[in-house]
$ cat work-v6.cif   # mmCIF, C-alpha atoms
data_target
loop_
_atom_site.label_atom_id
_atom_site.label_comp_id
_atom_site.auth_asym_id
_atom_site.auth_seq_id
_atom_site.Cartn_x
_atom_site.Cartn_y
_atom_site.Cartn_z
CA MET A 236 165.74 104.07 98.95
CA ASP A 237 164.80 105.60 95.65
CA SER A 238 161.31 107.14 95.84
CA SER A 239 160.45 105.60 92.45
CA SER A 240 160.47 102.14 94.05
CA VAL A 241 157.53 103.01 96.36
CA PRO A 242 154.28 101.69 94.85
CA GLU A 243 152.14 104.62 93.84
CA GLU A 244 148.76 104.88 95.61
CA PRO A 245 145.99 105.09 92.99
CA GLU A 246 143.83 108.19 92.86
CA PRO A 247 140.63 108.05 94.93
CA ARG A 248 137.71 106.78 92.85
CA ARG A 249 134.17 108.22 92.78
CA TYR A 250 132.54 104.96 93.79
CA GLY A 251 129.98 106.68 96.02
CA ARG A 252 127.93 108.21 93.21
CA ARG A 253 128.11 104.94 91.27
CA LEU A 254 126.75 103.01 94.22
CA PHE A 255 123.97 105.61 94.65
CA LEU A 256 122.97 105.55 90.99
CA VAL A 257 123.17 101.76 90.68
CA THR A 258 121.02 101.34 93.81
CA VAL A 259 118.38 103.82 92.62
CA ALA A 260 118.37 102.40 89.08
CA GLY A 261 118.17 98.83 90.39
CA GLY A 262 115.31 99.75 92.71
CA ILE A 263 113.27 101.54 90.08
CA SER A 264 113.84 98.84 87.46
CA SER A 265 112.72 96.25 90.04
CA LEU A 266 109.19 97.59 89.53
CA TYR A 267 109.33 95.46 86.38
CA TRP A 268 111.35 92.44 87.48
CA GLY A 269 110.88 92.40 91.26
CA LYS A 270 107.81 90.17 91.41
CA ALA A 271 109.27 87.53 89.08
CA ALA A 272 112.57 87.59 91.00
CA TRP A 273 110.76 87.34 94.33
CA ASP A 274 108.65 84.40 93.14
CA HIS A 275 111.88 82.73 92.01
CA VAL A 276 113.80 83.13 95.28
CA SER A 277 111.03 83.17 97.89
CA GLY A 278 111.16 79.38 98.27
CA ALA A 279 114.92 79.40 98.73
CA ILE A 280 114.84 82.09 101.42
CA SER A 281 111.89 80.64 103.34
CA PRO A 282 114.22 79.66 106.26
CA VAL A 283 115.14 83.36 106.57
CA ALA A 284 111.46 84.33 106.42
CA ASP A 285 110.69 81.75 109.12
CA ALA A 286 113.45 83.22 111.29
CA VAL A 287 112.06 86.74 110.86
CA ALA A 288 108.46 85.64 111.48
CA PRO A 289 108.60 85.91 115.31
CA ILE A 290 109.87 89.50 114.99
CA LEU A 291 107.59 90.59 112.14
CA PRO A 292 104.63 88.17 112.30
CA THR A 293 102.85 89.07 109.07
CA GLY A 294 101.96 85.54 108.00
CA GLY A 295 102.33 87.11 104.59
CA TRP A 296 99.08 89.06 104.93
CA ARG A 297 98.44 92.80 104.60
CA ILE A 298 95.18 94.02 106.00
CA TYR A 299 93.33 96.43 103.74
CA THR A 300 90.24 98.36 104.68
CA ILE A 301 88.50 101.22 102.93
CA SER A 302 86.70 102.86 105.84
CA GLY A 303 87.73 104.47 109.08
CA HIS A 304 86.81 101.53 111.30
CA MET A 305 87.12 97.79 110.87
CA PRO A 306 83.64 96.25 111.20
CA VAL A 307 82.88 94.37 114.43
CA PHE A 308 81.03 91.05 114.37
CA ASP A 309 78.26 90.70 116.97
CA PRO A 310 76.79 87.16 116.87
CA ALA A 311 73.58 88.43 118.49
CA THR A 312 72.74 90.88 115.74
CA TRP A 313 74.70 89.74 112.67
CA ARG A 314 72.67 88.17 109.88
CA LEU A 315 73.58 87.04 106.38
CA LYS A 316 70.66 88.15 104.22
CA ILE A 317 70.01 86.59 100.82
CA GLY A 318 67.75 88.70 98.67
CA GLY A 319 67.26 90.32 95.30
CA LEU A 320 65.88 88.12 92.53
CA VAL A 321 64.95 85.14 94.71
CA GLU A 322 61.71 83.33 95.41
CA GLN A 323 62.24 83.37 99.17
CA PRO A 324 64.47 86.03 100.77
CA ILE A 325 66.20 84.56 103.81
CA SER A 326 68.20 85.72 106.78
CA LEU A 327 70.74 83.37 108.36
CA THR A 328 72.23 83.69 111.84
CA TYR A 329 75.87 82.72 112.33
CA ASP A 330 74.81 79.39 113.87
CA GLU A 331 72.37 78.68 111.04
CA LEU A 332 75.10 79.37 108.49
CA ARG A 333 77.33 76.85 110.23
CA THR A 334 74.66 74.13 110.04
CA LEU A 335 74.80 74.20 106.21
CA PRO A 336 76.94 71.53 104.48
CA ARG A 337 80.54 72.25 105.38
CA ALA A 338 83.23 72.65 102.73
CA GLU A 339 86.98 72.85 103.17
CA GLN A 340 89.76 73.75 100.82
CA VAL A 341 93.39 74.76 100.69
CA SER A 342 94.03 77.53 98.19
CA ASN A 343 96.41 80.36 97.47
CA PHE A 344 95.46 84.00 98.01
CA HIS A 345 96.81 86.66 95.66
CA CYS A 346 96.54 90.39 96.14
CA VAL A 347 96.54 92.67 93.12
CA THR A 348 99.28 94.75 94.78
CA GLY A 349 101.75 91.89 94.38
CA TRP A 350 101.81 89.85 97.56
CA SER A 351 100.49 86.31 97.97
CA VAL A 352 99.83 83.84 100.75
CA ASP A 353 100.03 80.20 99.74
CA ASN A 354 98.17 77.22 101.15
CA VAL A 355 95.51 78.96 103.21
CA HIS A 356 93.12 76.45 104.79
CA TRP A 357 89.55 77.72 104.48
CA GLY A 358 86.41 76.26 106.05
CA GLY A 359 82.91 77.39 105.13
CA VAL A 360 80.02 76.75 102.79
CA ARG A 361 79.54 76.69 99.04
CA ILE A 362 77.45 79.52 97.68
CA ALA A 363 75.05 77.07 96.03
CA ASP A 364 74.14 75.66 99.44
CA VAL A 365 73.36 79.12 100.77
CA LEU A 366 71.34 80.12 97.73
CA ALA A 367 69.38 76.84 97.61
CA ARG A 368 66.95 77.90 100.31
CA ALA A 369 66.35 81.30 98.69
CA ARG A 370 65.72 79.81 95.22
CA PRO A 371 67.17 82.34 92.72
CA GLN A 372 64.87 83.38 89.90
CA ALA A 373 65.70 82.67 86.26
CA THR A 374 66.28 86.38 85.60
CA GLY A 375 69.18 86.47 88.06
CA HIS A 376 72.57 86.08 86.40
CA ALA A 377 74.94 87.55 88.97
CA LEU A 378 75.49 88.04 92.70
CA ARG A 379 76.11 91.25 94.60
CA PHE A 380 78.21 90.79 97.75
CA VAL A 381 77.66 93.54 100.29
CA SER A 382 80.14 94.12 103.08
CA MET A 383 79.50 95.52 106.54
CA GLU A 384 82.33 97.87 105.58
CA VAL A 385 80.30 100.51 103.79
CA PRO A 386 80.45 101.17 100.82
CA TYR A 387 82.39 98.01 99.88
CA VAL A 388 80.45 95.92 97.41
CA ASP A 389 81.45 93.59 94.57
CA TYR A 390 79.88 91.32 92.01
CA LEU A 391 80.41 87.89 90.48
CA THR A 392 78.53 86.34 87.62
CA LEU A 393 76.79 83.09 88.53
CA PRO A 394 79.28 81.02 86.47
CA GLN A 395 82.14 82.71 88.35
CA ALA A 396 80.44 82.23 91.73
CA SER A 397 79.82 78.56 91.06
CA LEU A 398 83.44 77.67 90.32
CA PRO A 399 84.27 74.64 92.48
CA ASP A 400 86.64 76.47 94.83
CA VAL A 401 84.51 79.55 95.47
CA MET A 402 83.20 79.61 99.03
CA LEU A 403 81.86 81.67 101.87
CA ALA A 404 84.58 81.13 104.46
CA TYR A 405 83.94 81.35 108.21
CA GLU A 406 87.15 79.58 109.22
CA MET A 407 90.75 80.25 108.32
CA ASP A 408 93.62 77.90 109.14
CA GLY A 409 91.49 75.93 111.59
CA ARG A 410 90.15 78.90 113.55
CA PRO A 411 87.09 81.14 113.27
CA LEU A 412 87.77 83.79 110.68
CA PRO A 413 89.64 86.62 112.45
CA ARG A 414 88.17 90.10 112.47
CA GLU A 415 90.88 91.55 110.25
CA HIS A 416 90.21 88.86 107.64
CA GLY A 417 86.49 89.61 107.47
CA ALA A 418 84.74 87.96 110.45
CA PRO A 419 82.37 86.31 110.59
CA VAL A 420 82.31 85.35 106.92
CA ARG A 421 83.99 86.40 103.70
CA LEU A 422 83.89 85.44 100.08
CA ILE A 423 86.81 83.43 98.70
CA ILE A 424 87.45 83.13 94.97
CA PRO A 425 91.05 81.93 94.59
CA ASP A 426 91.24 82.43 90.82
CA MET A 427 90.72 86.17 91.21
CA TYR A 428 92.67 88.88 93.01
CA GLY A 429 91.73 89.43 96.62
CA TYR A 430 89.68 92.59 96.17
CA LYS A 431 86.91 90.39 94.76
CA SER A 432 86.86 88.30 97.95
CA VAL A 433 84.58 90.62 99.90
CA LYS A 434 85.18 90.63 103.68
CA TRP A 435 82.68 91.17 106.50
CA LEU A 436 79.78 89.90 104.38
CA GLN A 437 76.31 90.86 105.48
CA ARG A 438 74.21 90.45 102.32
CA ILE A 439 74.15 88.59 99.01
CA ASP A 440 71.69 89.75 96.35
CA VAL A 441 70.85 87.91 93.17
CA VAL A 442 70.91 90.56 90.44
CA PRO A 443 70.37 90.60 86.66
CA ARG A 444 74.03 91.24 85.81
CA ALA A 445 77.41 92.01 87.31
CA VAL A 446 78.43 95.66 87.33
CA ASP A 447 81.40 97.50 88.76
CA GLY A 448 82.09 97.12 92.47
CA TYR A 449 84.05 99.37 94.81
CA TRP A 450 87.52 98.86 93.33
CA GLU A 451 86.29 98.53 89.77
CA ASN A 452 84.90 102.04 90.08
CA LEU A 453 88.50 103.09 90.77
CA GLY A 454 89.74 101.46 87.57
CA TYR A 455 90.39 97.85 88.58
CA ASP A 456 89.25 94.96 86.38
CA ARG A 457 85.73 93.71 86.95
CA ASP A 458 86.88 90.19 86.08
CA ALA A 459 89.99 90.07 88.23
CA TRP A 460 91.46 86.82 86.97
CA ILE A 461 94.96 86.29 88.29
CA GLY A 462 97.47 86.62 85.47
CA GLY A 463 95.10 88.40 83.15
CA SER A 464 91.78 87.96 81.45
CA LYS A 465 90.20 84.54 81.58
CA ALA A 466 86.72 84.03 80.21
CA ILE A 467 84.81 80.91 81.14
CA PRO A 468 83.44 79.43 77.90
CA LYS A 469 79.72 78.93 78.10
CA ASN A 470 80.01 75.19 77.56
CA GLU A 471 82.29 75.04 80.61
CA TRP A 472 79.99 76.97 82.93
CA PRO A 473 79.64 75.23 86.25
CA GLN A 474 76.17 73.85 86.70
CA PRO A 475 75.05 73.86 90.37
CA PHE A 476 73.16 77.14 90.16
CA GLN A 477 71.49 76.11 86.92
CA LYS A 478 70.17 73.06 88.74
CA GLU A 479 68.93 75.11 91.65
CA ARG A 480 67.22 77.58 89.41
CA THR A 481 65.48 75.00 87.30
CA ALA A 482 64.53 72.77 90.23
CA MET B 247 134.67 122.87 123.10
CA LYS B 248 136.32 120.87 125.86
CA ALA B 249 140.10 120.49 125.74
CA GLY B 250 141.20 117.36 123.92
CA TYR B 251 138.08 117.27 121.75
CA VAL B 252 137.86 117.93 118.03
CA PRO B 253 134.83 118.94 115.93
CA ARG B 254 133.53 116.10 113.78
CA PHE B 255 130.03 116.93 112.50
CA SER B 256 128.73 120.39 111.66
CA ARG B 257 125.31 121.58 112.79
CA VAL B 258 123.78 121.07 109.38
CA GLU B 259 125.22 117.55 109.12
CA ARG B 260 123.71 116.68 112.49
CA LEU B 261 120.41 118.28 111.52
CA LEU B 262 120.30 116.17 108.33
CA HIS B 263 121.07 113.03 110.33
CA TRP B 264 118.41 113.63 112.97
CA VAL B 265 115.71 114.71 110.51
CA ASN B 266 116.39 111.48 108.66
CA ALA B 267 116.40 109.39 111.86
CA VAL B 268 113.19 110.86 113.30
CA GLY B 269 111.45 110.54 109.94
CA PHE B 270 112.62 106.96 109.50
CA PHE B 271 111.36 105.77 112.89
CA PHE B 272 108.06 107.64 112.50
CA LEU B 273 107.49 106.00 109.12
CA LEU B 274 108.66 102.63 110.42
CA GLY B 275 106.12 102.82 113.26
CA THR B 276 103.18 103.89 111.12
CA GLY B 277 104.25 101.51 108.36
CA LEU B 278 104.34 98.54 110.72
CA ILE B 279 100.77 99.31 111.78
CA LEU B 280 99.79 99.00 108.13
CA TYR B 281 102.03 95.96 107.57
CA LEU B 282 101.49 93.73 110.62
CA PRO B 283 97.99 92.21 110.83
CA ARG B 284 97.99 92.21 114.65
CA LEU B 285 98.84 95.90 114.81
CA SER B 286 96.38 96.66 112.01
CA MET B 287 93.61 95.05 114.04
CA LEU B 288 94.71 96.71 117.27
CA VAL B 289 94.60 100.18 115.74
CA SER B 290 91.78 99.40 113.32
CA ARG B 291 92.02 102.80 111.61
CA ARG B 292 93.82 101.93 108.41
CA GLN B 293 92.67 104.92 106.38
CA LEU B 294 93.85 107.34 109.06
CA ILE B 295 97.20 105.59 109.58
CA GLN B 296 97.69 105.34 105.84
CA SER B 297 97.19 109.10 105.49
CA ILE B 298 99.52 109.81 108.41
CA HIS B 299 102.15 107.47 106.92
CA PHE B 300 101.88 109.02 103.45
CA TRP B 301 101.92 112.65 104.56
CA GLY B 302 104.61 111.84 107.10
CA GLY B 303 106.69 110.49 104.22
CA VAL B 304 106.07 113.59 102.14
CA GLY B 305 107.05 115.74 105.13
CA TRP B 306 110.18 113.63 105.74
CA LEU B 307 111.42 113.97 102.16
CA GLY B 308 110.51 117.67 102.13
CA ALA B 309 112.42 118.27 105.37
CA LEU B 310 115.46 116.39 104.03
CA ALA B 311 115.37 118.48 100.85
CA ALA B 312 115.09 121.68 102.90
CA VAL B 313 118.11 120.74 105.04
CA VAL B 314 120.14 119.86 101.92
CA LEU B 315 119.31 123.29 100.47
CA LEU B 316 120.14 124.89 103.81
CA GLY B 317 123.45 123.00 103.98
CA GLY B 318 124.57 124.17 100.54
CA ARG B 319 128.31 124.05 100.06
CA ARG B 320 128.98 122.47 103.44
CA LEU B 321 126.88 119.43 102.59
CA LEU B 322 128.31 119.35 99.06
CA ALA B 323 131.75 118.98 100.64
CA THR B 324 130.39 116.18 102.84
CA ALA B 325 128.92 114.48 99.75
CA ARG B 326 132.35 114.66 98.07
CA GLU B 327 133.91 112.94 101.09
CA LEU B 328 131.30 110.19 100.94
CA ASP B 329 131.75 109.82 97.20
CA SER B 330 135.49 109.29 97.32
CA PHE B 331 136.96 105.83 97.96
CA ASP B 332 140.74 105.47 98.03
CA GLY B 333 142.96 102.44 98.36
CA ASP B 334 142.73 102.49 102.16
CA ASP B 335 138.93 102.43 101.95
CA LEU B 336 139.01 99.37 99.69
CA ARG B 337 141.53 97.65 101.97
CA TRP B 338 139.37 98.52 105.02
CA LEU B 339 136.36 96.93 103.34
CA ARG B 340 138.42 93.78 102.85
CA GLY B 341 139.02 93.74 106.62
CA ARG B 342 142.65 94.82 106.49
CA GLY B 343 142.26 97.69 108.93
CA SER B 344 143.72 100.50 106.84
CA PRO B 345 143.68 104.08 108.19
CA GLN B 346 140.44 105.96 107.56
CA GLY B 347 139.36 109.57 107.04
CA ARG B 348 136.49 111.37 108.81
CA PHE B 349 134.14 108.70 107.49
CA ASN B 350 135.30 105.10 107.31
CA ALA B 351 134.34 103.11 104.22
CA GLY B 352 131.45 101.39 106.01
CA GLN B 353 130.00 104.72 107.06
CA LYS B 354 130.30 105.97 103.48
CA ILE B 355 128.40 102.97 102.13
CA ASN B 356 125.76 103.28 104.84
CA ALA B 357 125.22 106.97 104.06
CA ILE B 358 125.07 106.39 100.29
CA LEU B 359 122.58 103.51 100.64
CA THR B 360 120.49 105.56 103.07
CA ALA B 361 120.28 108.40 100.52
CA ALA B 362 119.41 106.01 97.68
CA PHE B 363 116.80 104.27 99.83
CA ALA B 364 115.17 107.61 100.67
CA VAL B 365 114.68 108.19 96.93
CA LEU B 366 113.33 104.65 96.43
CA PHE B 367 111.06 104.83 99.49
CA GLY B 368 109.66 108.05 98.06
CA VAL B 369 109.11 106.66 94.55
CA SER B 370 107.54 103.38 95.71
CA GLY B 371 105.47 105.15 98.37
CA LEU B 372 104.03 107.59 95.82
CA LEU B 373 103.23 104.69 93.48
CA LEU B 374 101.49 102.77 96.28
CA TRP B 375 99.47 105.83 97.25
CA PHE B 376 98.38 106.80 93.73
CA GLY B 377 98.09 103.16 92.61
CA GLU B 378 95.17 102.63 94.96
CA GLU B 379 93.23 105.35 93.19
CA ASP B 380 94.47 104.95 89.63
CA THR B 381 95.54 101.65 88.06
CA ARG B 382 98.00 103.41 85.73
CA TYR B 383 100.32 103.75 88.74
CA ARG B 384 99.94 100.13 89.84
CA PHE B 385 102.87 97.75 89.39
CA ALA B 386 102.92 94.21 90.72
CA SER B 387 106.35 94.79 92.29
CA THR B 388 105.84 98.14 94.04
CA VAL B 389 104.94 96.58 97.36
CA ILE B 390 107.88 94.16 97.07
CA LEU B 391 110.25 97.11 96.55
CA HIS B 392 108.77 99.13 99.43
CA ASP B 393 108.84 96.15 101.81
CA GLY B 394 112.29 95.06 100.65
CA LEU B 395 113.66 98.54 101.35
CA MET B 396 112.13 98.36 104.82
CA TYR B 397 113.82 95.03 105.59
CA VAL B 398 117.25 96.09 104.30
CA SER B 399 116.96 99.44 106.10
CA LEU B 400 116.09 97.63 109.32
CA VAL B 401 119.26 95.55 109.04
CA LEU B 402 121.33 98.69 108.41
CA VAL B 403 119.69 100.55 111.30
CA VAL B 404 120.15 97.67 113.75
CA GLY B 405 123.85 97.51 112.83
CA HIS B 406 124.10 101.29 113.07
CA LEU B 407 122.47 101.34 116.51
CA TYR B 408 124.69 98.52 117.75
CA LEU B 409 127.83 100.38 116.72
CA THR B 410 126.70 103.75 118.10
CA LEU B 411 125.04 102.60 121.34
CA ILE B 412 126.61 99.29 122.40
CA HIS B 413 129.95 98.42 120.80
CA PRO B 414 132.59 99.78 123.24
CA ALA B 415 135.14 100.78 120.62
CA THR B 416 132.74 102.78 118.47
CA ARG B 417 129.95 104.08 120.70
CA HIS B 418 131.86 107.28 121.42
CA SER B 419 130.91 108.33 117.88
CA LEU B 420 127.39 109.11 119.16
CA ARG B 421 128.85 112.19 120.85
CA GLY B 422 129.94 113.44 117.45
CA MET B 423 126.40 113.21 116.12
CA THR B 424 124.83 114.82 119.21
CA LEU B 425 127.30 117.44 120.45
CA GLY B 426 129.35 117.66 117.28
CA ASN B 427 132.76 116.78 118.75
CA VAL B 428 134.74 113.68 119.71
CA ARG B 429 137.86 112.97 121.75
CA GLY B 430 141.06 113.67 119.83
CA ASP B 431 142.68 110.37 120.84
CA TRP B 432 139.57 108.45 119.72
CA ALA B 433 139.62 110.28 116.40
CA THR B 434 143.30 109.44 115.90
CA ARG B 435 142.69 105.78 116.69
CA HIS B 436 139.62 105.30 114.46
CA HIS B 437 140.12 107.94 111.77
CA ALA B 438 143.89 108.24 111.48
CA LYS B 439 143.87 110.03 108.10
CA TRP B 440 141.38 112.65 109.23
CA ARG B 441 142.85 116.07 110.00
CA PRO B 442 140.19 117.98 111.98
CA GLU B 443 139.81 121.67 111.12
#
$ encode --input "work-v6.cif" --output "structure tokens"
Amino acid sequence: MDSSSVPEEPEPRRYGRRLFLVTVAGGISSLYWGKAAWDHVSGAISPVADAVAPILPTGGWRIYTISGHMPVFDPATWRLKIGGLVEQPISLTYDELRTLPRAEQVSNFHCVTGWSVDNVHWGGVRIADVLARARPQATGHALRFVSMEVPYVDYLTLPQASLPDVMLAYEMDGRPLPREHGAPVRLIIPDMYGYKSVKWLQRIDVVPRAVDGYWENLGYDRDAWIGGSKAIPKNEWPQPFQKERTA
Amino acid sequence: MKAGYVPRFSRVERLLHWVNAVGFFFLLGTGLILYLPRLSMLVSRRQLIQSIHFWGGVGWLGALAAVVLLGGRRLLATARELDSFDGDDLRWLRGRGSPQGRFNAGQKINAILTAAFAVLFGVSGLLLWFGEEDTRYRFASTVILHDGLMYVSLVLVVGHLYLTLIHPATRHSLRGMTLGNVRGDWATRHHAKWRPE
């Protein structure tokens, strides 16, 4: 047979470097499009996520702490103290906190680092019901939330704290709040990124104004509205605290 | 070397592989403590584990870079092998069982993705670390990239371990990556185009 009739094998191609560069470029560019793409496909791949869940049971959560040790809740000694600009400073035991009017809600939790957990079932109390007994003074315009995890502290203005879905949660998904999620009670403000939802609460102070908390001192937004800045117009300020303060 | 055996991986190639493997599993272990709530609570020392994970990652990438510099021309030749895909490689990837060189096409892709992922793990890890202290380094998708790399890497590693530890036809390859040599008849059967030195 004539050798010219044998099909010529093409030269080897440098596909390896192309694959390397495309992978690295795709990965780095995903810093800009990854979140949007993930939000788009996460519903479609939920069966895969469910299948992986028994092997990597994250429940979607990442546990962040700022100190060496995660605080431990001792029902015998733990108290939630309400102080600052109030007529009557109070100290609530865990059982006393649970006797206050109970509130429940299902809300989404968003972390500023990009992950979210949807449809979390919270049980707890509204801040207005906790503050009612302490009677905030008219000069108080914000709340300081102090964690057992020193030096974690953060602030909300009273209008922010009295949004209808802001709560002090002591239950999560039908069970007492787990230690890693801030037991025995944590703040929940679904419209803001999670670093505002202070865990392991031990004290709430009524203060003249909101200032920078732990993460804000590291450059994060004081008003951590999800999706960007969102001011609450004065004529839309929630009213419960106003009522308490003028009562 | 025992009679009937041929050298497959040089010392520096094996060193690069094992530095990468040890580093990967160390970072996987410390990363899972940060990632899985149950493990986070069990260990309860996030700041410490986070520092160990970060500096472990820096050490891992530094060690890989040192081995690459140490390997010099030898590893450059290996990189050229991994870079080159001929018609048999493309046919092999389509499942047509064409003869393969020292690396089959699947091994080439695995090695290339592993190298690219090391770069991306490093970039996203640095951004996560500095992003906690300075918002200029914070991107909403950094954690998605870092986690996504972990998941894809896990799939690759599980497949890799299956082929090197369990699958009867391929598990002999582990000897090549530990002792450096493999049986000549095995090499002929699985890497027919490879002409050992």
$ atom_distance --input "work-v6.cif" --atom1 "atom CA of Val252 of chain B" --atom2 "atom CA of Pro442 of chain B"
6.5 Å
$ residues_around --input "work-v6.cif" --residues "Arg414 of chain A" --least-positions-apart "6" --cutoff "12 Å" --atoms "only C-alpha atoms" --output "list in words"
Ile298, Tyr299, Thr300, His304, Met305, Pro306, Val307, Phe308, Asp309, Met383, Glu384, Tyr405, Glu406, Met407, Val420, Arg421, Lys434, Trp435 and Leu436 of chain A; Pro283, Arg284, Ser286, Met287, Leu288 and Ser290 of chain B
$ atom_distance --input "work-v6.cif" --atom1 "atom CA of Gln395 of chain A" --atom2 "atom CA of Gly318 of chain A"
18.7 Å
$ atom_distance --input "work-v6.cif" --atom1 "atom CA of Arg297 of chain A" --atom2 "atom CA of Leu278 of chain B"
10.3 Å
$ resolve_selection --input "work-v6.cif" --expression "the PyMOL selection byres ((chain A) within 8 of (chain B))" --output "PyMOL selection string"
chain A and resi 244-252+254-256+258-259+262-263+265-270+273+291-293+296-305+347-350+414-415+453-455
$ resolve_selection --input "work-v6.cif" --expression "the PyMOL selection byres ((chain A and resi 358-361) around 7)" --output "ChimeraX atom specification"
/A:335-340,356-357,362-365,401-407
$ axis_aligned_box --input "work-v6.cif" --around "segment 252-255 of chain B" --padding-each-side "4 Å" --output "AutoDock Vina command-line options"
--center_x 133.9 --center_y 117.5 --center_z 115.3 --size_x 15.8 --size_y 10.8 --size_z 13.5
